[in-house]
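Asks: Got a structure for you, protein_35.txt, holding compact mmCIF, C-alpha atoms.
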```txt
# COMPACT_ATOMS: atom_id res chain seq x y z
CA MET A 809 3.02 -17.60 -22.06
CA GLN A 810 5.24 -17.48 -18.99
CA ARG A 811 4.91 -13.69 -18.97
CA ILE A 812 1.51 -13.17 -20.60
CA ILE A 813 -0.51 -15.19 -18.04
CA PRO A 814 0.81 -13.22 -15.02
CA ILE A 815 0.15 -9.91 -16.82
CA ILE A 816 -3.46 -10.98 -17.56
CA VAL A 817 -3.96 -12.15 -13.94
CA CYS A 818 -2.54 -8.85 -12.70
CA PHE A 819 -4.87 -6.83 -14.96
CA ILE A 820 -8.02 -8.82 -14.09
CA PHE A 821 -7.51 -8.69 -10.31
CA GLY A 822 -6.24 -5.11 -10.34
CA ALA A 823 -9.12 -3.83 -12.46
CA PHE A 824 -11.66 -5.75 -10.37
CA MET A 825 -10.35 -4.43 -7.04
CA LEU A 826 -10.33 -0.89 -8.46
CA VAL A 827 -13.84 -1.01 -9.95
CA GLN A 828 -15.27 -2.82 -6.93
CA PHE A 829 -14.69 0.29 -4.81
CA PHE A 830 -17.39 2.08 -6.80
CA VAL A 831 -19.87 -0.84 -6.72
CA PRO A 832 -21.19 -1.26 -3.18
CA HIS A 833 -23.33 -4.30 -4.09
CA ARG A 834 -23.42 -7.28 -1.69
CA VAL A 835 -21.97 -9.70 -4.26
CA SER A 836 -19.22 -7.28 -5.22
CA VAL A 837 -18.27 -6.64 -1.58
CA SER A 838 -18.22 -10.39 -0.90
CA ALA A 839 -15.97 -11.03 -3.93
CA TYR A 840 -13.70 -8.19 -2.79
CA GLN A 841 -13.36 -9.80 0.65
CA THR A 842 -12.66 -13.19 -0.94
CA VAL A 843 -9.81 -11.73 -3.01
CA LEU A 844 -8.39 -10.10 0.13
CA ASP A 845 -8.49 -13.55 1.82
CA TRP A 846 -6.74 -15.08 -1.20
CA MET A 847 -4.03 -12.43 -0.96
CA GLN A 848 -3.47 -13.22 2.71
CA ILE A 849 -3.26 -16.96 2.00
CA ILE A 850 -0.71 -16.48 -0.79
CA PHE A 851 1.20 -14.09 1.45
CA VAL A 852 1.63 -16.86 4.05
CA PHE A 853 3.14 -19.06 1.35
CA THR A 854 5.56 -16.26 0.42
CA LEU A 855 6.52 -16.23 4.08
CA LEU A 856 7.10 -19.97 3.84
CA VAL A 857 9.47 -19.36 0.92
CA GLY A 858 11.51 -17.12 3.23
CA VAL A 859 11.49 -19.68 6.05
CA ILE A 860 12.54 -22.51 3.73
CA SER A 861 15.35 -20.33 2.32
CA TYR A 862 16.55 -19.59 5.87
CA VAL A 863 16.46 -23.28 6.81
CA LYS A 864 18.26 -24.27 3.58
CA LEU A 865 20.98 -21.64 4.06
CA SER A 866 21.53 -22.52 7.72
CA SER A 867 21.51 -26.28 7.07
CA LYS A 868 24.07 -25.84 4.29
CA LYS A 869 26.42 -23.92 6.60
CA ILE A 870 25.97 -26.48 9.39
CA THR A 871 26.53 -29.59 7.23
CA ARG A 872 29.61 -28.04 5.62
CA THR A 873 30.84 -26.78 9.03
CA GLN A 874 31.54 -23.38 7.49
CA SER A 875 32.82 -20.61 9.76
CA GLY A 876 30.15 -19.55 12.27
CA TRP A 877 28.08 -22.71 11.72
CA GLY A 878 27.41 -22.93 15.47
CA TYR A 879 25.48 -19.67 15.37
CA ASN A 880 23.35 -20.99 12.50
CA LEU A 881 22.65 -24.06 14.60
CA ILE A 882 21.43 -21.81 17.43
CA GLY A 883 19.17 -19.89 15.06
CA LEU A 884 17.78 -23.08 13.59
CA ALA A 885 17.25 -24.56 17.06
CA GLY A 886 15.35 -21.42 18.10
CA LEU A 887 13.13 -21.71 15.03
CA VAL A 888 12.44 -25.44 15.53
CA VAL A 889 11.70 -25.08 19.27
CA MET A 890 9.35 -22.14 18.64
CA VAL A 891 7.50 -24.02 15.87
CA ILE A 892 7.18 -27.22 17.95
CA PHE A 893 5.88 -25.31 21.01
CA GLY A 894 3.54 -23.23 18.84
CA PHE A 895 1.91 -26.15 17.05
CA TRP A 896 2.04 -28.63 19.91
CA LYS A 897 0.91 -26.60 22.92
CA GLY A 898 -0.75 -23.65 21.19
CA THR A 899 -0.11 -19.92 21.49
CA GLY A 900 -2.47 -18.91 24.30
CA GLU A 901 -1.83 -17.86 27.89
CA ARG A 902 0.60 -19.97 29.99
CA THR A 903 1.99 -21.83 26.98
CA PRO A 904 5.71 -22.49 26.36
CA PHE A 905 5.34 -20.52 23.10
CA LEU A 906 4.24 -17.37 24.92
CA TRP A 907 6.86 -17.97 27.62
CA MET A 908 9.56 -18.03 24.92
CA PHE A 909 8.16 -14.86 23.40
CA ASN A 910 7.99 -12.95 26.70
CA THR A 911 11.29 -14.21 28.12
CA ILE A 912 13.52 -14.36 25.06
CA GLN A 913 12.11 -12.59 22.02
CA ALA A 914 10.53 -9.44 23.51
CA PRO A 915 13.51 -8.42 25.73
CA MET A 916 15.99 -9.07 22.92
CA GLN A 917 13.91 -7.14 20.39
CA SER A 918 13.55 -4.05 22.57
CA THR A 919 17.27 -4.20 23.49
CA MET A 920 18.19 -4.45 19.82
CA PHE A 921 16.10 -1.36 19.02
CA SER A 922 17.44 0.52 22.06
CA LEU A 923 20.99 -0.10 20.73
CA LEU A 924 20.04 2.17 17.85
CA ALA A 925 19.87 5.10 20.31
CA PHE A 926 23.67 4.88 20.67
CA PHE A 927 24.31 4.50 16.96
CA VAL A 928 21.91 7.27 15.94
CA ALA A 929 23.52 9.61 18.48
CA SER A 930 27.00 8.65 17.29
CA ALA A 931 26.05 9.08 13.62
CA ALA A 932 24.44 12.44 14.40
CA TYR A 933 27.57 13.61 16.21
CA ARG A 934 29.70 12.71 13.21
CA GLY A 935 27.25 13.72 10.50
CA PHE A 936 25.54 16.85 11.84
CA ARG A 937 27.51 19.87 10.81
CA ALA A 938 25.76 23.19 10.40
CA ARG A 939 27.58 23.83 7.12
CA SER A 940 24.63 25.55 5.50
CA TRP A 941 21.49 27.38 6.60
CA GLU A 942 19.35 24.29 5.84
CA ALA A 943 21.63 21.93 7.80
CA GLY A 944 21.62 24.39 10.71
CA LEU A 945 17.81 24.52 10.62
CA LEU A 946 17.62 20.70 10.69
CA LEU A 947 20.03 20.57 13.65
CA LEU A 948 18.17 23.28 15.57
CA VAL A 949 14.77 21.63 15.06
CA ALA A 950 16.14 18.21 16.10
CA VAL A 951 17.59 19.67 19.31
CA ILE A 952 14.35 21.53 20.15
CA VAL A 953 12.18 18.43 19.54
CA MET A 954 14.51 16.19 21.57
CA LEU A 955 14.62 18.63 24.48
CA GLY A 956 10.90 19.28 24.20
CA ARG A 957 10.12 15.58 24.75
CA VAL A 958 11.99 15.25 28.08
CA PRO A 959 11.47 16.96 31.47
CA LEU A 960 14.84 18.75 31.07
CA GLY A 961 13.33 20.86 28.27
CA SER A 962 10.52 22.28 30.41
CA PHE A 963 13.00 22.64 33.29
CA ILE A 964 15.13 24.97 31.13
CA SER A 965 12.15 26.91 29.76
CA HIS A 966 8.48 26.28 29.02
CA TRP A 967 9.27 27.79 25.62
CA ILE A 968 11.09 24.58 24.55
CA PRO A 969 8.20 22.06 24.83
CA ASP A 970 5.78 24.66 23.43
CA SER A 971 8.06 25.23 20.44
CA ALA A 972 8.54 21.47 19.95
CA ASN A 973 4.77 20.99 19.84
CA TRP A 974 4.33 23.91 17.44
CA ILE A 975 7.07 22.57 15.14
CA LEU A 976 5.47 19.10 15.09
CA ASN A 977 1.94 20.44 14.54
CA THR A 978 2.60 23.21 12.02
CA PRO A 979 5.71 23.39 9.76
CA SER A 980 6.64 19.70 10.16
CA MET A 981 3.02 18.71 9.58
CA ALA A 982 2.91 20.87 6.43
CA ALA A 983 5.96 19.15 4.92
CA LYS A 984 4.58 15.75 5.97
CA ARG A 985 1.29 16.45 4.20
CA GLY A 986 3.14 17.66 1.12
CA LEU A 987 5.15 14.43 1.13
CA TYR A 988 2.01 12.34 1.68
CA ILE A 989 0.27 14.01 -1.27
CA GLY A 990 3.38 13.41 -3.43
CA ILE A 991 3.59 9.77 -2.30
CA GLY A 992 -0.14 9.40 -3.01
CA LEU A 993 0.22 10.69 -6.56
CA GLY A 994 3.22 8.40 -7.08
CA THR A 995 1.30 5.40 -5.70
CA ILE A 996 -1.65 6.04 -8.00
CA SER A 997 0.50 6.38 -11.12
CA THR A 998 2.61 3.30 -10.27
CA SER A 999 -0.51 1.25 -9.49
CA LEU A 1000 -2.05 2.21 -12.83
CA ARG A 1001 1.17 1.29 -14.63
CA ILE A 1002 1.14 -2.12 -12.88
CA ILE A 1003 -2.53 -2.83 -13.67
CA LEU A 1004 -2.11 -1.83 -17.32
CA GLY A 1005 1.00 -4.00 -17.67
CA ILE A 1006 3.40 -1.11 -18.37
CA GLU A 1007 5.34 -1.76 -15.17
CA ARG A 1008 6.55 -5.39 -15.30
CA THR A 1009 9.65 -5.47 -13.10
CA TYR A 1010 7.89 -7.80 -10.63
CA LEU A 1011 8.06 -10.53 -13.30
CA GLY A 1012 11.85 -10.66 -13.18
CA LYS A 1013 14.25 -10.57 -16.12
CA LYS A 1014 13.70 -13.90 -17.91
CA MET B 315 14.97 -14.13 41.40
CA ASN B 316 13.11 -16.17 38.82
CA ILE B 317 14.61 -17.95 35.81
CA GLU B 318 12.81 -15.64 33.33
CA THR B 319 14.58 -12.56 34.71
CA LEU B 320 17.96 -14.32 34.60
CA ILE B 321 17.50 -15.40 30.98
CA ALA B 322 16.23 -11.98 29.87
CA THR B 323 19.12 -10.25 31.71
CA PHE B 324 21.72 -12.53 30.14
CA LEU B 325 20.34 -11.96 26.64
CA THR B 326 20.00 -8.20 27.21
CA LEU B 327 23.64 -8.00 28.28
CA CYS B 328 24.68 -10.17 25.32
CA ILE B 329 23.15 -7.61 22.95
CA PHE B 330 24.52 -4.60 24.83
CA SER B 331 28.00 -6.19 24.57
CA PHE B 332 27.96 -5.10 20.91
CA LEU B 333 28.60 -1.54 22.14
CA TYR B 334 32.14 -2.70 22.94
CA LYS B 335 32.61 -4.62 19.69
CA ASP B 336 31.20 -7.56 17.72
CA ASN B 337 31.71 -10.68 19.87
CA PRO B 338 30.49 -14.30 20.25
CA PHE B 339 27.88 -13.35 22.91
CA TYR B 340 26.28 -10.81 20.59
CA LYS B 341 26.36 -13.24 17.65
CA PHE B 342 24.72 -15.91 19.82
CA ALA B 343 21.90 -13.54 20.83
CA GLU B 344 21.53 -12.18 17.30
CA HIS B 345 21.10 -15.63 15.72
CA LEU B 346 18.80 -16.79 18.50
CA LEU B 347 16.62 -13.70 17.97
CA VAL B 348 16.43 -14.32 14.22
CA GLY B 349 15.51 -18.01 14.66
CA ILE B 350 12.90 -17.38 17.34
CA SER B 351 11.38 -14.43 15.44
CA VAL B 352 11.06 -16.52 12.27
CA GLY B 353 9.43 -19.31 14.28
CA TYR B 354 7.04 -16.86 15.95
CA VAL B 355 5.96 -15.27 12.67
CA LEU B 356 5.51 -18.68 11.03
CA VAL B 357 3.35 -20.08 13.83
CA MET B 358 1.23 -16.92 14.05
CA ALA B 359 0.77 -16.79 10.25
CA VAL B 360 -0.34 -20.41 10.13
CA ASN B 361 -2.65 -20.08 13.16
CA THR B 362 -4.23 -16.75 12.23
CA THR B 363 -4.39 -17.03 8.42
CA LEU B 364 -3.71 -20.45 6.97
CA MET B 365 -5.93 -22.44 9.34
CA PRO B 366 -9.00 -20.15 9.48
CA LYS B 367 -8.85 -18.96 5.86
CA LEU B 368 -7.63 -22.06 3.97
CA VAL B 369 -7.59 -25.34 5.91
CA ASN B 370 -10.88 -24.94 7.82
CA PRO B 371 -12.97 -23.59 4.88
CA VAL B 372 -11.73 -26.33 2.52
CA PHE B 373 -11.65 -29.38 4.81
CA LYS B 374 -14.34 -28.54 7.40
CA GLN B 375 -16.82 -26.30 5.60
CA GLY B 376 -16.31 -27.73 2.11
CA GLU B 377 -15.74 -24.31 0.48
CA LEU B 378 -13.78 -25.63 -2.49
CA GLY B 379 -13.23 -22.16 -3.99
CA TYR B 380 -10.45 -21.65 -1.46
CA ILE B 381 -8.47 -24.42 -3.18
CA ILE B 382 -7.49 -21.79 -5.80
CA PRO B 383 -5.40 -19.62 -3.43
CA GLY B 384 -4.02 -22.88 -1.99
CA ILE B 385 -2.80 -23.89 -5.46
CA LEU B 386 -1.43 -20.38 -6.06
CA GLY B 387 0.37 -20.66 -2.71
CA ILE B 388 1.93 -23.95 -3.80
CA PHE B 389 3.01 -22.16 -7.00
CA MET B 390 5.01 -19.83 -4.75
CA LEU B 391 6.86 -22.82 -3.28
CA LEU B 392 7.79 -23.93 -6.81
CA ARG B 393 10.38 -21.14 -6.78
CA PHE B 394 12.75 -23.79 -5.42
CA PHE B 395 12.41 -25.81 -8.66
CA PRO B 396 13.99 -23.83 -11.53
CA ARG B 397 11.88 -25.54 -14.20
CA TYR B 398 8.61 -24.38 -12.61
CA THR B 399 9.73 -21.07 -11.10
CA TRP B 400 7.66 -19.12 -13.64
CA LEU B 401 4.43 -20.43 -12.06
CA SER B 402 5.18 -18.36 -8.94
CA ARG B 403 4.83 -15.24 -11.13
CA ILE B 404 1.09 -15.90 -11.36
CA SER B 405 0.77 -15.78 -7.57
CA ILE B 406 2.96 -12.67 -7.36
CA ALA B 407 0.90 -11.07 -10.17
CA LEU B 408 -2.31 -11.65 -8.21
CA ILE B 409 -0.91 -10.04 -5.05
CA ILE B 410 0.67 -7.13 -6.96
CA GLY B 411 -2.35 -6.54 -9.20
CA ALA B 412 -4.99 -6.78 -6.47
CA GLY B 413 -2.77 -4.70 -4.18
CA ALA B 414 -2.49 -2.00 -6.86
CA GLY B 415 -6.26 -2.05 -7.40
CA VAL B 416 -6.91 -1.66 -3.68
CA ALA B 417 -4.24 1.04 -3.38
CA ILE B 418 -5.72 3.50 -5.90
CA PRO B 419 -9.05 4.38 -4.20
CA ALA B 420 -7.51 3.98 -0.73
CA THR B 421 -4.73 6.41 -1.64
CA ILE B 422 -7.12 8.93 -3.19
CA GLN B 423 -9.14 8.92 0.01
CA ALA B 424 -6.42 8.71 2.67
CA ARG B 425 -3.45 10.41 1.08
CA LEU B 426 -5.02 13.03 -1.17
CA PHE B 427 -8.53 14.09 -0.17
CA SER B 428 -8.19 13.75 3.60
CA GLN B 429 -4.80 15.52 3.62
CA MET B 430 -6.12 18.39 1.49
CA GLN B 431 -9.33 18.61 3.53
CA ALA B 432 -7.36 18.80 6.81
CA SER B 433 -5.12 21.51 5.33
CA MET B 434 -8.05 23.72 4.32
CA LYS B 435 -9.85 23.45 7.66
CA ASP B 436 -7.85 26.08 9.58
CA PHE B 437 -7.10 28.33 6.64
CA ALA B 438 -8.23 31.41 8.57
CA SER B 439 -5.44 31.17 11.19
CA ILE B 440 -1.72 31.99 10.82
CA ASP B 441 -0.81 28.34 11.44
CA GLY B 442 -3.27 27.35 8.71
CA ILE B 443 -1.60 29.71 6.25
CA ILE B 444 1.85 28.37 7.23
CA ILE B 445 0.59 24.80 6.66
CA PHE B 446 -0.82 25.78 3.26
CA LEU B 447 2.43 27.48 2.24
CA GLY B 448 4.41 24.48 3.52
CA ILE B 449 2.39 22.00 1.49
CA ALA B 450 2.47 24.11 -1.68
CA SER B 451 6.21 24.78 -1.43
CA THR B 452 7.05 21.14 -0.59
CA LEU B 453 5.10 19.99 -3.65
CA ALA B 454 6.83 22.68 -5.73
CA TYR B 455 10.22 21.31 -4.65
CA PHE B 456 9.29 17.86 -6.02
CA PHE B 457 7.91 19.26 -9.29
CA PHE B 458 10.70 18.84 -11.80
CA SER B 459 8.78 19.56 -15.02
CA LYS B 460 9.48 23.27 -14.55
CA GLU B 461 12.94 24.69 -13.95
CA HIS B 462 13.50 25.90 -10.37
CA LYS B 463 14.07 29.54 -11.29
CA GLY B 464 12.41 32.88 -10.46
CA TRP B 465 9.31 32.82 -8.23
CA PHE B 466 8.96 29.07 -8.71
CA GLY B 467 12.58 28.52 -7.63
CA ALA B 468 11.99 30.69 -4.55
CA THR B 469 8.90 28.62 -3.67
CA ALA B 470 10.84 25.37 -4.14
CA LYS B 471 13.62 26.80 -1.95
CA MET B 472 11.07 27.51 0.77
CA GLY B 473 9.94 23.88 0.35
CA THR B 474 13.46 22.70 1.29
CA TRP B 475 13.23 24.69 4.56
CA PHE B 476 9.97 22.98 5.44
CA LEU B 477 11.50 19.62 4.53
CA MET B 478 14.52 20.32 6.73
CA ILE B 479 12.19 21.14 9.63
CA PHE B 480 10.32 17.88 8.99
CA PHE B 481 13.53 15.82 8.82
CA GLY B 482 14.89 17.46 11.98
CA ALA B 483 11.64 16.85 13.88
CA THR B 484 11.44 13.24 12.65
CA PHE B 485 15.06 12.64 13.61
CA GLY B 486 14.50 14.09 17.10
CA TYR B 487 11.36 12.02 17.54
CA THR B 488 13.11 8.80 16.42
CA VAL B 489 16.04 9.37 18.78
CA MET B 490 13.66 9.94 21.69
CA SER B 491 11.68 6.78 20.92
CA ARG B 492 14.92 4.74 20.92
CA ILE B 493 16.00 6.40 24.16
CA SER B 494 12.67 5.52 25.78
CA LEU B 495 13.34 1.87 24.82
CA LEU B 496 16.82 2.17 26.31
CA ILE B 497 15.35 3.59 29.52
CA GLY B 498 12.98 0.60 29.61
CA ARG B 499 15.87 -1.86 29.36
CA MET B 500 17.86 0.04 32.00
CA GLN B 501 14.84 -0.01 34.32
CA PHE B 502 14.67 -3.77 33.80
CA LEU B 503 18.36 -4.28 34.57
CA LEU B 504 18.50 -1.92 37.55
CA GLY B 505 15.02 -2.73 38.86
CA ASP B 506 14.01 -6.33 38.12
CA PHE B 507 17.54 -7.75 38.10
CA LEU B 508 19.64 -5.67 40.53
CA HIS B 509 16.76 -4.23 42.62
CA ILE B 510 18.62 -0.91 42.85
CA ILE B 511 15.59 1.11 41.70
CA LYS B 512 11.90 0.44 42.19
```
How does this structure look as structure tokens?
Replies:
Amino acid sequence: MQRIIPIIVCFIFGAFMLVQFFVPHRVSVSAYQTVLDWMQIIFVFTLLVGVISYVKLSSKKITRTQSGWGYNLIGLAGLVVMVIFGFWKGTGERTPFLWMFNTIQAPMQSTMFSLLAFFVASAAYRGFRARSWEAGLLLLVAVIVMLGRVPLGSFISHWIPDSANWILNTPSMAAKRGLYIGIGLGTISTSLRIILGIERTYLGKK
Amino acid sequence: MNIETLIATFLTLCIFSFLYKDNPFYKFAEHLLVGISVGYVLVMAVNTTLMPKLVNPVFKQGELGYIIPGILGIFMLLRFFPRYTWLSRISIALIIGAGAGVAIPATIQARLFSQMQASMKDFASIDGIIIFLGIASTLAYFFFSKEHKGWFGATAKMGTWFLMIFFGATFGYTVMSRISLLIGRMQFLLGDFLHIIK
């Protein structure tokens, strides 16, 4: 029963959402929208599972004063302050919640992502070796696209930005579409397997 | 100089300190970012989804049908109680099943038909022929039911060239997007904080 009920639920909702696409009746569309709302509501609870796990893990480290517990305390404090501000004063303009977001979260997030520029460049330096024709092609295209996106490229030659645009719009686009079509076929087959109960890995082992 | 700029500068430098090596300043900023991000997502999820789609319909408008997703949501929280963990599978099954049902027609439209339609549009030009050859050869490369030998092997080989071009272009594009973020942070440090540039 612990496995059969979820499989039946999965089939009913999957089949309904699939068939609904071909039935543009008012009632059908309304039911479709309701199921989408249900999915969003359940999704928030899955988010809550993650938050509770984070709080549990951090609290455990803090109470046991395990190594690095101070950092967990900082993380937990950030979470608590953000939640208190968000629910107490709201999330609109000129609220402490938005102030925290603009002053602390947004600068840190963009700095964190900008760090990747250094690591990607370093990894490329170590990893990019034109050992074969294909690897050489990849390297050449990467260099042309990078140069084509900055003023230096057009300073060297107008040929570089033109080539970068052509690469992005023609051969790269072709491979991208091929991949998209492949991903699409894979998505359809996996979705069908899930709806029909052939694919059951989401149920776990027991 | 205002307090916001000072705080943002301190935290920016804390994160950049990781370029030297892992250190307490970076760890402080990292954990603070995780905590604040979790708090932000939680508050936004409750305010934009849970309140308007569950609490208000049930308690203010009396739409009792929305109690069902509420119960299924509570089933998710039962993951923390080993005896009742299995109930969360029902909620997961609904999301997975409905998601799969939505995905099939959406994928047929967005990933298959629209991609094929766009590829056939400029078939008369050289670029259009290159795109067609690129798509066909890329798909041939991922077709493993036939051995990659002879003309089919040559087509699949051509597919790898197109894929290499795609990976190179994507890599270049990703690096440039990260560098533009880096430029933004440098502009903040040198402009807003040090006032060296305007």
Asks: To test the calculation: enclose all listed atoms of stretch 878-889 of chain A in a box whose edges run along x, y and z, add 8 Å on each side, then state centre and edge lengths in Å to one decimal, as JSON.
Replies:
```
{"center_x": 19.6, "center_y": -22.6, "center_z": 15.9, "size_x": 31.7, "size_y": 21.8, "size_z": 22.8}
```
Asks: Atom CA of A:Gly944 to atom CA of A:Pro969: how many Å, to one decimal?
Replies: 19.6 Å
Asks: So that I can see what lies close to stretch 993-997 of chain A, please list as a list in words the residues with an atom at most 12 Å from it, counting all atoms listed in the file and leaving out residues fewer than 5 positions away in the same chain.
Replies: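 Result of the neighbour search: Leu826, Gly986, Leu987, Tyr988, Ile1002, Ile1003, Leu1004, Ile1006 and Glu1007 of chain A; Gly413, Ala414, Gly415, Val416, Ala417, Ile418, Pro419, Ala420, Thr421, Ile422, Gln423, Ala424, Arg425, Leu426, Phe427, Leu453, Phe456 and Phe457 of chain B.
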Asks: Just need the residues of chain B within 6 Å of chain A, counting all atoms listed in the file, so spit them out as a compact mmCIF listing (two decimals) with C-alpha atoms, keeping the file's coordinate frame.
Replies:
```txt
# COMPACT_ATOMS: atom_id res chain seq x y z
CA GLU B 318 12.81 -15.64 33.33
CA ALA B 322 16.23 -11.98 29.87
CA THR B 326 20.00 -8.20 27.21
CA PHE B 342 24.72 -15.91 19.82
CA HIS B 345 21.10 -15.63 15.72
CA LEU B 346 18.80 -16.79 18.50
CA GLY B 349 15.51 -18.01 14.66
CA ILE B 350 12.90 -17.38 17.34
CA GLY B 353 9.43 -19.31 14.28
CA VAL B 357 3.35 -20.08 13.83
CA PRO B 383 -5.40 -19.62 -3.43
CA GLY B 387 0.37 -20.66 -2.71
CA ARG B 403 4.83 -15.24 -11.13
CA ILE B 404 1.09 -15.90 -11.36
CA ALA B 407 0.90 -11.07 -10.17
CA LEU B 408 -2.31 -11.65 -8.21
CA ILE B 409 -0.91 -10.04 -5.05
CA GLY B 411 -2.35 -6.54 -9.20
CA ALA B 412 -4.99 -6.78 -6.47
CA ALA B 414 -2.49 -2.00 -6.86
CA GLY B 415 -6.26 -2.05 -7.40
CA VAL B 416 -6.91 -1.66 -3.68
CA ILE B 418 -5.72 3.50 -5.90
CA THR B 421 -4.73 6.41 -1.64
CA ARG B 425 -3.45 10.41 1.08
CA LEU B 426 -5.02 13.03 -1.17
CA ILE B 445 0.59 24.80 6.66
CA GLY B 448 4.41 24.48 3.52
CA ILE B 449 2.39 22.00 1.49
CA THR B 452 7.05 21.14 -0.59
CA LEU B 453 5.10 19.99 -3.65
CA PHE B 476 9.97 22.98 5.44
CA LEU B 477 11.50 19.62 4.53
CA MET B 478 14.52 20.32 6.73
CA ILE B 479 12.19 21.14 9.63
CA PHE B 480 10.32 17.88 8.99
CA GLY B 482 14.89 17.46 11.98
CA ALA B 483 11.64 16.85 13.88
CA GLY B 486 14.50 14.09 17.10
CA VAL B 489 16.04 9.37 18.78
CA ARG B 492 14.92 4.74 20.92
CA ILE B 493 16.00 6.40 24.16
CA LEU B 495 13.34 1.87 24.82
CA LEU B 496 16.82 2.17 26.31
```
Asks: So how far away is atom CA of B:Ser491 from atom CA of B:Ala432, in Å?
Replies: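 These two atoms are separated by 26.6 Å.
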Asks: By how many Å are atom CA of B:Met500 and atom CA of A:Ile964 apart?
Replies: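 Separation of atom CA of B:Met500 and atom CA of A:Ile964: 25.1 Å.
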Asks: Neighbouring residues of B:Leu368 were defined as those with any atom within 8 Å, considering all atoms listed in the file; residues of the same chain fewer than 5 positions away were excluded. Please report them as a list in words.
Replies: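 Counting only the stated atoms, we get Ile849 of chain A; Thr363, Tyr380, Ile381 and Gly384 of chain B.
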